[in-house]
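structure37.cif (mmCIF, C-alpha atoms and all ligand atoms) appears below.
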data_model
loop_
_atom_site.label_atom_id
_atom_site.label_comp_id
_atom_site.auth_asym_id
_atom_site.auth_seq_id
_atom_site.Cartn_x
_atom_site.Cartn_y
_atom_site.Cartn_z
CA MET A 1 -30.33 31.54 10.55
CA SER A 2 -31.94 28.35 9.42
CA LYS A 3 -35.27 27.29 10.85
CA ARG A 4 -35.59 24.26 13.08
CA MET A 5 -37.81 21.38 12.17
CA GLN A 6 -39.26 18.73 14.49
CA VAL A 7 -39.41 15.21 13.12
CA THR A 8 -41.38 12.59 15.03
CA PHE A 9 -40.30 9.00 14.38
CA GLU A 10 -43.12 6.50 14.86
CA LYS A 11 -42.75 2.71 14.72
CA CYS A 12 -39.23 3.08 13.34
CA LYS A 13 -36.05 1.10 13.91
CA ARG A 14 -32.70 2.74 14.56
CA TYR A 15 -29.27 1.19 14.02
CA ASP A 16 -27.40 1.36 17.31
CA ASN A 17 -23.97 -0.22 17.72
CA GLY A 18 -24.49 -3.23 15.50
CA ARG A 19 -28.17 -3.88 16.21
CA PHE A 20 -31.57 -2.31 15.66
CA VAL A 21 -33.62 -0.77 18.45
CA SER A 22 -37.25 0.33 18.28
CA VAL A 23 -38.01 4.01 18.11
CA ASP A 24 -41.60 5.06 18.65
CA GLY A 25 -42.71 8.60 19.32
CA THR A 26 -39.19 10.00 19.51
CA GLN A 27 -38.90 13.62 18.43
CA LEU A 28 -35.69 14.94 16.94
CA SER A 29 -34.97 18.52 15.99
CA PHE A 30 -32.96 19.33 12.86
CA ALA A 31 -31.97 22.46 11.03
CA ALA A 32 -34.39 22.71 8.13
CA MET A 33 -33.20 22.38 4.58
CA THR A 34 -32.69 25.78 3.02
CA TYR A 35 -32.18 24.69 -0.54
CA ASP A 36 -32.93 21.41 -2.21
CA ALA A 37 -30.42 21.02 -5.02
CA ALA A 38 -32.33 18.02 -6.33
CA ASN A 39 -35.51 20.07 -6.68
CA PRO A 40 -34.38 23.67 -7.05
CA SER A 41 -37.84 24.90 -8.00
CA GLN A 42 -39.40 23.43 -4.90
CA GLN A 43 -39.77 25.79 -1.95
CA ASN A 44 -39.03 23.91 1.23
CA ASP A 45 -41.03 24.88 4.24
CA ALA A 46 -39.98 23.92 7.74
CA ALA A 47 -43.26 22.39 8.83
CA ASP A 48 -42.87 19.65 11.42
CA ILE A 49 -43.39 16.16 10.09
CA SER A 50 -43.69 12.62 11.28
CA ILE A 51 -42.07 9.57 9.72
CA SER A 52 -43.36 6.09 10.40
CA ASN A 53 -42.30 2.51 9.67
CA CYS A 54 -38.81 3.47 8.50
CA TYR A 55 -35.23 2.53 9.33
CA MET A 56 -32.75 5.08 10.68
CA PHE A 57 -29.11 4.45 9.77
CA PRO A 58 -25.90 6.36 10.38
CA ALA A 59 -25.62 8.32 7.10
CA PHE A 60 -23.50 6.45 4.57
CA CYS A 61 -19.87 7.14 3.65
CA ASP A 62 -18.56 6.54 0.11
CA VAL A 63 -14.77 6.54 -0.20
CA HIS A 64 -14.82 6.51 -4.02
CA VAL A 65 -16.76 8.99 -6.17
CA HIS A 66 -15.98 11.12 -9.19
CA LEU A 67 -17.50 14.58 -8.83
CA ARG A 68 -15.85 15.81 -12.07
CA GLU A 69 -15.32 19.38 -10.92
CA PRO A 70 -13.13 21.26 -11.58
CA GLY A 71 -12.65 20.33 -15.21
CA PHE A 72 -15.59 18.28 -16.41
CA PHE A 73 -18.64 20.31 -15.44
CA TYR A 74 -20.63 18.85 -18.34
CA LYS A 75 -20.43 15.41 -16.69
CA GLU A 76 -21.08 16.44 -13.07
CA SER A 77 -20.50 19.25 -10.59
CA ILE A 78 -19.84 19.38 -6.87
CA ALA A 79 -23.42 20.67 -6.50
CA THR A 80 -25.11 17.90 -8.51
CA GLY A 81 -22.81 15.14 -7.27
CA THR A 82 -23.37 15.99 -3.62
CA ALA A 83 -27.13 16.38 -4.23
CA ALA A 84 -27.04 12.83 -5.59
CA ALA A 85 -25.11 11.73 -2.50
CA ALA A 86 -27.68 13.34 -0.20
CA ARG A 87 -30.45 11.63 -2.15
CA GLY A 88 -28.68 8.29 -1.66
CA GLY A 89 -28.32 8.68 2.10
CA TYR A 90 -24.65 9.75 2.19
CA ALA A 91 -23.08 12.33 4.51
CA ASP A 92 -19.46 11.81 3.39
CA VAL A 93 -18.01 11.26 -0.06
CA PHE A 94 -14.36 11.04 -1.11
CA SER A 95 -13.65 12.62 -4.47
CA MET A 96 -11.16 11.16 -6.91
CA ALA A 97 -8.31 13.09 -8.48
CA ASN A 98 -8.88 12.65 -12.24
CA LEU A 99 -9.84 16.31 -12.58
CA ASP A 100 -8.59 19.32 -14.50
CA PRO A 101 -6.48 20.64 -12.92
CA VAL A 102 -5.39 17.40 -11.27
CA PRO A 103 -5.08 17.98 -7.50
CA ASP A 104 -1.32 17.43 -7.52
CA THR A 105 -0.29 20.75 -5.97
CA VAL A 106 -1.58 22.86 -3.09
CA GLU A 107 -2.89 25.40 -5.56
CA ASN A 108 -4.74 22.81 -7.65
CA ILE A 109 -6.39 21.02 -4.74
CA GLY A 110 -7.24 24.48 -3.40
CA ALA A 111 -9.30 25.12 -6.54
CA GLN A 112 -11.39 22.06 -5.70
CA TRP A 113 -11.72 23.10 -2.05
CA ASP A 114 -13.08 26.51 -3.12
CA ILE A 115 -15.92 24.84 -5.03
CA ILE A 116 -16.58 22.35 -2.22
CA LYS A 117 -16.92 25.16 0.31
CA ARG A 118 -19.30 27.01 -1.97
CA ASP A 119 -21.48 24.24 -3.41
CA ALA A 120 -21.35 20.96 -1.48
CA THR A 121 -24.46 19.76 0.36
CA VAL A 122 -22.66 16.82 2.01
CA ARG A 123 -19.06 16.65 3.26
CA VAL A 124 -16.53 16.11 0.47
CA HIS A 125 -13.05 14.75 1.18
CA PRO A 126 -10.77 15.18 -1.82
CA TYR A 127 -7.92 12.81 -2.61
CA ALA A 128 -4.66 14.23 -3.90
CA ALA A 129 -2.94 12.53 -6.81
CA ILE A 130 -0.02 10.14 -6.22
CA THR A 131 1.86 11.30 -9.31
CA MET A 132 1.99 14.67 -11.06
CA GLY A 133 -0.82 14.88 -13.63
CA LEU A 134 -1.64 11.20 -12.90
CA ALA A 135 1.11 10.49 -15.40
CA GLY A 136 3.00 7.97 -13.26
CA ARG A 137 6.39 9.65 -13.75
CA GLU A 138 6.95 12.04 -10.82
CA LEU A 139 5.60 11.90 -7.27
CA VAL A 140 3.60 14.77 -5.78
CA ASP A 141 4.81 16.70 -2.72
CA PHE A 142 3.24 14.53 -0.01
CA ASP A 143 4.21 16.91 2.81
CA ALA A 144 2.58 19.92 1.22
CA LEU A 145 -0.63 18.11 0.20
CA ALA A 146 -1.19 16.03 3.35
CA PRO A 147 -3.14 18.67 5.33
CA LEU A 148 -5.49 19.20 2.37
CA CYS A 149 -6.32 15.64 1.34
CA ALA A 150 -7.95 12.44 2.58
CA GLY A 151 -5.23 10.28 1.08
CA PHE A 152 -3.40 9.79 -2.21
CA SER A 153 -4.83 8.14 -5.32
CA ASP A 154 -4.20 8.03 -9.08
CA ASP A 155 -7.62 6.37 -9.51
CA GLY A 156 -8.43 5.68 -13.12
CA LYS A 157 -4.85 4.56 -13.64
CA GLY A 158 -2.59 2.10 -11.92
CA VAL A 159 0.91 3.20 -10.90
CA GLN A 160 2.84 1.05 -13.37
CA GLN A 161 6.39 1.20 -12.03
CA ASP A 162 7.13 -0.85 -8.92
CA ALA A 163 9.78 1.58 -7.66
CA MET A 164 7.40 4.53 -8.10
CA MET A 165 4.69 2.80 -6.03
CA GLU A 166 7.16 1.88 -3.32
CA ALA A 167 8.38 5.48 -3.11
CA ALA A 168 4.73 6.67 -3.02
CA MET A 169 4.01 4.35 -0.10
CA ARG A 170 7.03 5.64 1.80
CA GLY A 171 5.97 9.21 1.08
CA ALA A 172 2.38 8.67 2.19
CA LYS A 173 3.45 6.79 5.30
CA ALA A 174 5.82 9.58 6.32
CA VAL A 175 2.90 12.03 6.39
CA GLY A 176 0.45 9.57 7.99
CA LYS A 177 -1.80 9.19 4.95
CA ILE A 178 -3.30 6.24 3.11
CA ILE A 179 -2.58 5.11 -0.46
CA VAL A 180 -5.83 4.35 -2.30
CA ALA A 181 -4.98 2.26 -5.33
CA HIS A 182 -6.69 1.65 -8.63
CA CYS A 183 -4.88 -1.52 -9.63
CA GLU A 184 -4.49 -2.10 -13.34
CA ASP A 185 -1.47 -3.47 -15.17
CA GLU A 186 -1.55 -1.65 -18.51
CA SER A 187 0.71 -4.21 -20.17
CA LEU A 188 -2.17 -6.73 -19.93
CA LEU A 189 -5.02 -4.56 -21.23
CA HIS A 190 -4.76 -4.92 -25.03
CA GLY A 191 -7.62 -2.47 -25.64
CA GLY A 192 -10.16 -4.53 -23.71
CA CYS A 193 -13.59 -3.06 -23.04
CA ILE A 194 -15.31 -5.74 -20.91
CA HIS A 195 -14.34 -8.83 -18.90
CA ASP A 196 -12.37 -11.38 -20.85
CA GLY A 197 -15.12 -13.95 -20.48
CA GLU A 198 -18.13 -15.51 -22.16
CA PHE A 199 -19.85 -12.32 -23.29
CA ALA A 200 -16.66 -10.95 -24.86
CA ALA A 201 -16.03 -14.22 -26.67
CA ALA A 202 -19.61 -14.57 -27.89
CA HIS A 203 -19.71 -10.99 -29.23
CA GLY A 204 -16.18 -10.72 -30.57
CA LEU A 205 -15.26 -7.94 -28.14
CA PRO A 206 -11.74 -7.43 -26.71
CA GLY A 207 -11.54 -8.62 -23.11
CA ILE A 208 -9.88 -7.29 -19.94
CA CYS A 209 -8.24 -10.19 -18.13
CA SER A 210 -8.54 -10.64 -14.36
CA GLU A 211 -4.78 -10.64 -13.89
CA SER A 212 -4.55 -6.99 -14.97
CA GLU A 213 -6.23 -6.27 -11.63
CA TRP A 214 -5.04 -8.91 -9.19
CA GLY A 215 -1.46 -9.00 -10.47
CA GLN A 216 -0.95 -5.37 -9.52
CA ILE A 217 -2.77 -5.85 -6.20
CA ALA A 218 -0.38 -8.72 -5.39
CA ARG A 219 2.60 -6.46 -6.19
CA ASP A 220 1.24 -3.66 -4.01
CA LEU A 221 0.55 -5.99 -1.09
CA LYS A 222 4.24 -6.92 -1.03
CA LEU A 223 5.17 -3.25 -1.13
CA ALA A 224 2.68 -2.39 1.62
CA GLU A 225 4.17 -5.14 3.75
CA LYS A 226 7.68 -3.90 3.07
CA THR A 227 6.94 -0.22 3.72
CA GLY A 228 4.25 -0.51 6.43
CA CYS A 229 2.10 1.99 4.53
CA ALA A 230 -1.67 2.04 5.08
CA TYR A 231 -3.00 0.69 1.80
CA HIS A 232 -6.55 0.55 0.41
CA VAL A 233 -7.56 -1.19 -2.83
CA CYS A 234 -10.29 0.38 -4.97
CA HIS A 235 -13.19 -1.50 -6.55
CA ILE A 236 -11.99 -5.11 -6.48
CA SER A 237 -13.82 -7.26 -9.04
CA THR A 238 -12.07 -10.64 -9.36
CA LYS A 239 -12.01 -13.81 -7.27
CA GLU A 240 -8.20 -13.78 -7.32
CA SER A 241 -8.18 -10.24 -5.85
CA VAL A 242 -10.29 -11.46 -2.94
CA ALA A 243 -7.90 -14.39 -2.40
CA VAL A 244 -4.67 -12.36 -2.42
CA ILE A 245 -6.12 -9.71 -0.09
CA ARG A 246 -7.48 -12.36 2.28
CA GLU A 247 -4.06 -13.95 2.42
CA ALA A 248 -2.32 -10.60 3.00
CA LYS A 249 -4.69 -9.70 5.82
CA ALA A 250 -3.95 -13.04 7.46
CA ARG A 251 -0.24 -12.19 7.52
CA GLY A 252 -0.94 -8.77 9.01
CA VAL A 253 -0.54 -6.40 6.05
CA ASN A 254 -2.15 -2.99 6.70
CA VAL A 255 -4.68 -3.37 3.87
CA THR A 256 -8.39 -2.73 3.33
CA CYS A 257 -10.46 -2.89 0.19
CA GLU A 258 -13.77 -1.95 -1.34
CA THR A 259 -16.01 -3.37 -4.02
CA ALA A 260 -19.02 -1.76 -5.71
CA PRO A 261 -22.72 -2.70 -5.93
CA HIS A 262 -22.51 -3.75 -9.59
CA TYR A 263 -19.74 -6.29 -8.94
CA LEU A 264 -21.75 -7.87 -6.11
CA THR A 265 -25.03 -8.12 -8.03
CA LEU A 266 -24.18 -8.54 -11.74
CA ASP A 267 -22.07 -10.90 -13.83
CA ASP A 268 -21.29 -11.02 -17.53
CA SER A 269 -24.20 -13.33 -18.27
CA MET A 270 -26.46 -10.37 -17.41
CA ILE A 271 -24.95 -7.64 -19.56
CA GLU A 272 -25.94 -6.15 -22.92
CA ASP A 273 -23.94 -4.36 -25.60
CA HIS A 274 -24.74 -0.96 -24.12
CA GLY A 275 -22.58 1.69 -22.48
CA ARG A 276 -24.48 1.41 -19.22
CA PHE A 277 -22.74 -1.95 -18.64
CA LYS A 278 -19.27 -0.51 -19.17
CA MET A 279 -17.02 0.47 -16.30
CA ASN A 280 -13.47 -0.17 -15.16
CA PRO A 281 -12.86 -2.77 -13.85
CA PRO A 282 -15.56 -4.59 -15.82
CA ILE A 283 -18.42 -6.73 -14.56
CA ARG A 284 -16.81 -10.16 -14.25
CA ALA A 285 -18.02 -13.78 -14.27
CA ALA A 286 -20.48 -15.45 -11.89
CA ALA A 287 -17.61 -17.13 -9.97
CA ASP A 288 -16.08 -13.73 -9.32
CA ARG A 289 -19.34 -12.31 -8.03
CA GLU A 290 -19.73 -15.29 -5.69
CA ALA A 291 -16.18 -14.84 -4.39
CA LEU A 292 -16.83 -11.14 -3.75
CA ILE A 293 -19.90 -12.01 -1.68
CA GLU A 294 -17.84 -14.53 0.28
CA GLY A 295 -15.18 -11.88 0.80
CA LEU A 296 -17.79 -9.45 2.03
CA LEU A 297 -19.17 -12.01 4.47
CA ASP A 298 -15.80 -13.04 5.93
CA GLY A 299 -14.55 -9.45 6.25
CA THR A 300 -11.92 -9.60 3.50
CA ILE A 301 -13.89 -6.83 1.79
CA ASP A 302 -14.24 -4.01 4.29
CA MET A 303 -16.60 -1.62 2.58
CA ILE A 304 -18.79 -0.92 -0.42
CA ALA A 305 -18.10 2.20 -2.47
CA THR A 306 -20.02 3.24 -5.57
CA ASP A 307 -17.24 4.43 -7.94
CA HIS A 308 -19.94 6.91 -9.03
CA ALA A 309 -18.55 8.01 -12.41
CA PRO A 310 -20.92 10.16 -14.47
CA HIS A 311 -20.43 10.87 -18.17
CA SER A 312 -22.54 12.66 -20.77
CA ALA A 313 -25.29 10.77 -22.61
CA GLU A 314 -23.27 10.92 -25.81
CA GLU A 315 -20.17 9.47 -24.13
CA LYS A 316 -22.22 6.50 -22.93
CA ALA A 317 -24.16 5.88 -26.17
CA GLN A 318 -21.35 4.15 -28.10
CA GLY A 319 -21.99 0.56 -27.03
CA LEU A 320 -19.53 -1.53 -25.04
CA LEU A 321 -16.64 -0.88 -27.38
CA GLY A 322 -16.87 2.88 -27.81
CA SER A 323 -18.46 4.24 -24.63
CA ARG A 324 -16.49 5.82 -21.81
CA MET A 325 -15.91 3.68 -18.73
CA GLY A 326 -18.00 4.46 -15.65
CA VAL A 327 -21.57 4.41 -14.37
CA VAL A 328 -23.41 6.40 -11.73
CA GLY A 329 -24.23 4.80 -8.40
CA LEU A 330 -24.86 7.15 -5.48
CA GLU A 331 -28.64 7.18 -5.82
CA THR A 332 -29.16 3.45 -6.26
CA ALA A 333 -26.45 1.83 -4.10
CA PHE A 334 -28.44 1.19 -0.97
CA ALA A 335 -31.60 0.01 -2.74
CA VAL A 336 -29.65 -2.30 -5.07
CA LEU A 337 -27.77 -3.91 -2.20
CA TYR A 338 -30.80 -4.10 0.05
CA THR A 339 -32.95 -5.66 -2.68
CA GLU A 340 -30.36 -8.06 -4.08
CA LEU A 341 -28.40 -9.05 -0.97
CA VAL A 342 -30.42 -8.34 2.18
CA LYS A 343 -33.91 -9.22 0.97
CA LYS A 344 -32.56 -12.42 -0.58
CA GLY A 345 -30.99 -13.42 2.74
CA ILE A 346 -27.37 -13.24 1.54
CA ILE A 347 -26.21 -10.60 4.04
CA SER A 348 -27.91 -9.01 7.04
CA LEU A 349 -29.12 -5.44 7.16
CA GLU A 350 -26.69 -4.84 10.01
CA LYS A 351 -23.82 -5.98 7.79
CA LEU A 352 -24.93 -3.65 5.00
CA VAL A 353 -24.90 -0.68 7.38
CA GLU A 354 -21.48 -1.73 8.62
CA VAL A 355 -19.94 -1.75 5.13
CA MET A 356 -21.70 1.42 3.94
CA ALA A 357 -21.43 3.61 7.05
CA ILE A 358 -19.20 2.23 9.81
CA ASN A 359 -16.13 0.53 8.28
CA PRO A 360 -15.29 3.30 5.77
CA ARG A 361 -15.23 5.89 8.57
CA LYS A 362 -13.12 3.69 10.80
CA ARG A 363 -10.53 3.15 8.08
CA PHE A 364 -10.44 6.76 6.90
CA GLY A 365 -10.47 8.31 10.37
CA LEU A 366 -13.89 9.96 10.39
CA PRO A 367 -16.12 10.02 13.47
CA ILE A 368 -19.47 8.19 13.52
CA LYS A 369 -21.82 10.94 14.69
CA ASP A 370 -25.39 10.92 15.98
CA ASP A 371 -26.25 14.02 13.97
CA ASP A 372 -25.50 12.29 10.64
CA LEU A 373 -28.52 10.21 9.75
CA CYS A 374 -30.36 8.69 6.82
CA VAL A 375 -33.88 7.34 6.92
CA PHE A 376 -35.12 4.67 4.51
CA ASP A 377 -38.53 3.18 3.87
CA LEU A 378 -37.59 -0.43 3.15
CA ASP A 379 -41.09 -1.45 2.06
CA ALA A 380 -41.32 1.24 -0.59
CA GLN A 381 -40.76 -0.16 -4.06
CA TYR A 382 -39.82 1.82 -7.14
CA ILE A 383 -38.51 1.43 -10.65
CA VAL A 384 -35.13 3.03 -11.33
CA ASN A 385 -35.61 5.92 -13.74
CA PRO A 386 -32.39 7.84 -14.41
CA GLU A 387 -34.45 10.89 -15.42
CA ASP A 388 -35.26 11.29 -11.72
CA PHE A 389 -31.59 11.42 -10.67
CA ALA A 390 -29.97 14.47 -9.13
CA THR A 391 -26.66 13.55 -10.77
CA LYS A 392 -26.06 14.72 -14.31
CA GLY A 393 -25.07 11.14 -15.19
CA ARG A 394 -27.85 8.91 -16.48
CA SER A 395 -25.99 5.71 -17.24
CA THR A 396 -26.57 2.85 -14.81
CA PRO A 397 -26.77 -0.92 -15.27
CA PHE A 398 -29.77 -0.81 -12.93
CA ASP A 399 -31.89 1.32 -15.29
CA GLY A 400 -35.47 -0.01 -15.16
CA ARG A 401 -34.86 -2.29 -12.16
CA GLU A 402 -37.54 -2.77 -9.53
CA LEU A 403 -35.95 -2.01 -6.18
CA PHE A 404 -36.95 -1.77 -2.54
CA GLY A 405 -35.78 1.03 -0.26
CA ILE A 406 -36.45 4.74 -0.75
CA CYS A 407 -34.51 7.42 1.12
CA ARG A 408 -36.91 9.65 3.04
CA MET A 409 -34.37 11.93 4.66
CA THR A 410 -30.65 12.58 4.97
CA VAL A 411 -29.22 14.65 7.80
CA VAL A 412 -25.64 15.95 7.85
CA ASP A 413 -24.29 17.71 10.95
CA GLY A 414 -27.85 18.01 12.27
CA LYS A 415 -29.11 19.66 9.11
CA ILE A 416 -31.60 18.12 6.70
CA VAL A 417 -29.91 17.99 3.28
CA TYR A 418 -32.50 15.81 1.57
CA LYS A 419 -36.14 15.10 2.28
CA ASN A 420 -38.67 13.15 0.26
ZN ZN A 501 -10.72 3.17 -10.41
#

With the file now loaded, output its structure as structure tokens.
Amino acid sequence: MSKRMQVTFEKCKRYDNGRFVSVDGTQLSFAAMTYDAANPSQQNDAADISISNCYMFPAFCDVHVHLREPGFFYKESIATGTAAAARGGYADVFSMANLDPVPDTVENIGAQWDIIKRDATVRVHPYAAITMGLAGRELVDFDALAPLCAGFSDDGKGVQQDAMMEAAMRGAKAVGKIIVAHCEDESLLHGGCIHDGEFAAAHGLPGICSESEWGQIARDLKLAEKTGCAYHVCHISTKESVAVIREAKARGVNVTCETAPHYLTLDDSMIEDHGRFKMNPPIRAAADREALIEGLLDGTIDMIATDHAPHSAEEKAQGLLGSRMGVVGLETAFAVLYTELVKKGIISLEKLVEVMAINPRKRFGLPIKDDDLCVFDLDAQYIVNPEDFATKGRSTPFDGRELFGICRMTVVDGKIVYKN
């Protein structure tokens, strides 16, 4: 039996149906944390506490993370990845399928579920693959996998063949599941490592053109319209992607999309030749970033996901050309977006909560519950130091940044999973 813990909230604000209400002197009772994966040596007592001058949000929901287990334990584990999620204010994360074994059969996704049940500190919703082994040649058994997965995704790779994607959409639709697409036309890649823009030209690096992303999105939007499949686009990064999705939404296509904090706050005039600026899709040009913000404001972009993608230090130490693609994001997402977008008056705090906590749950069919909560001190300032992270990944473009917004507490199903 876990102990109960009383938390008194003084002079706080709580998000309530699209607005903030004052909370002063309210006492809430939570199940006390039994084990703090972020600080395993620290013994957590269940002494009652009070929290003042903080904001209470519905805990966040990230529909795109890479937890790397089973298969790549040296990069991340379910335990460390969900500890990072708890530390970032998340109660729900959706784990991508580029694992070993790939969750393309009931048995293989079962192996992931066994670890989730044993080690996860927040709720994990695994995706099943669209194609066997993510190889793009043979579809998975949608019927068999549907009860065990949140949706179907080959994230990390685009489904190259049009007929294969159309069949996947029909298969997913028949079992009432969503297709979550990483859009990337491999015939346009040419070994690119960063955006095909000014930085690439100035440094003689091979570029990744914008069309490799938006061209495949445009194809999929036609297929989604034709099949009626629920369709979600991962990590959009280009201005053209925003435009084609906006247009598809206007004609009633069943589509949603996400972008990530780094695409909304960085452009290729701000990057360096270091692995911590390398991810897929790449950080694009200033005009793309501006279009993404516009898309966020007008509702074309429904949600912000992190694409948390940890790698080992060695894998990220090979510069822009040689490093693996992917950066971590769970522990900095809120503070980056709050500091760069809310504090600068670009979006409201209410909007940020909507795209981090409300819209993802609406689209992916999860309830918004009162006993999932995160508490942030928005006045607290800190400098991002990856050595403090709970994730095994240390590579982030926000390394050394001064940010506002520290998570004081995360509660999942009425239980404290993180406290600071
Ligand atoms: Zn992806």

Task: Contacts to ligand ZN 501 (chain A) at 6 Å cut-off (all atoms listed in the file) as a VMD selection string - done: chain A and resid 155 to 156 182

- [ ] Rounded to one decimal place, report the atom CA of A:Ala201-atom CA of A:Ala287 distance in Å.
- [x] 17.0 Å

Task: Atom-to-atom span, atom CA of A:Asn17 and atom CA of A:Leu366, Å - done: 16.1 Å

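If you measure from each of A:Asp154, A:Asp196, A:Glu138, A:Asp143 to A:Gly171 using all atoms listed in the file, the closest one turns out to be A:Asp143.
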
- [ ] Do a neighbour search on A:Ala59 at 6 Å with all atoms listed in the file, toss out local chain neighbours closer than 3 positions, and write the hits as number ranges by chain.
- [x] A: 89-91, 372-374

- [ ] Would you please work out which residue, of A:Ala83, A:Ala172, A:Leu349, A:Leu28, is nearest to A:Thr131 when using all atoms listed in the file?
- [x]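 Selected residue with least distance to A:Thr131: A:Ala172.
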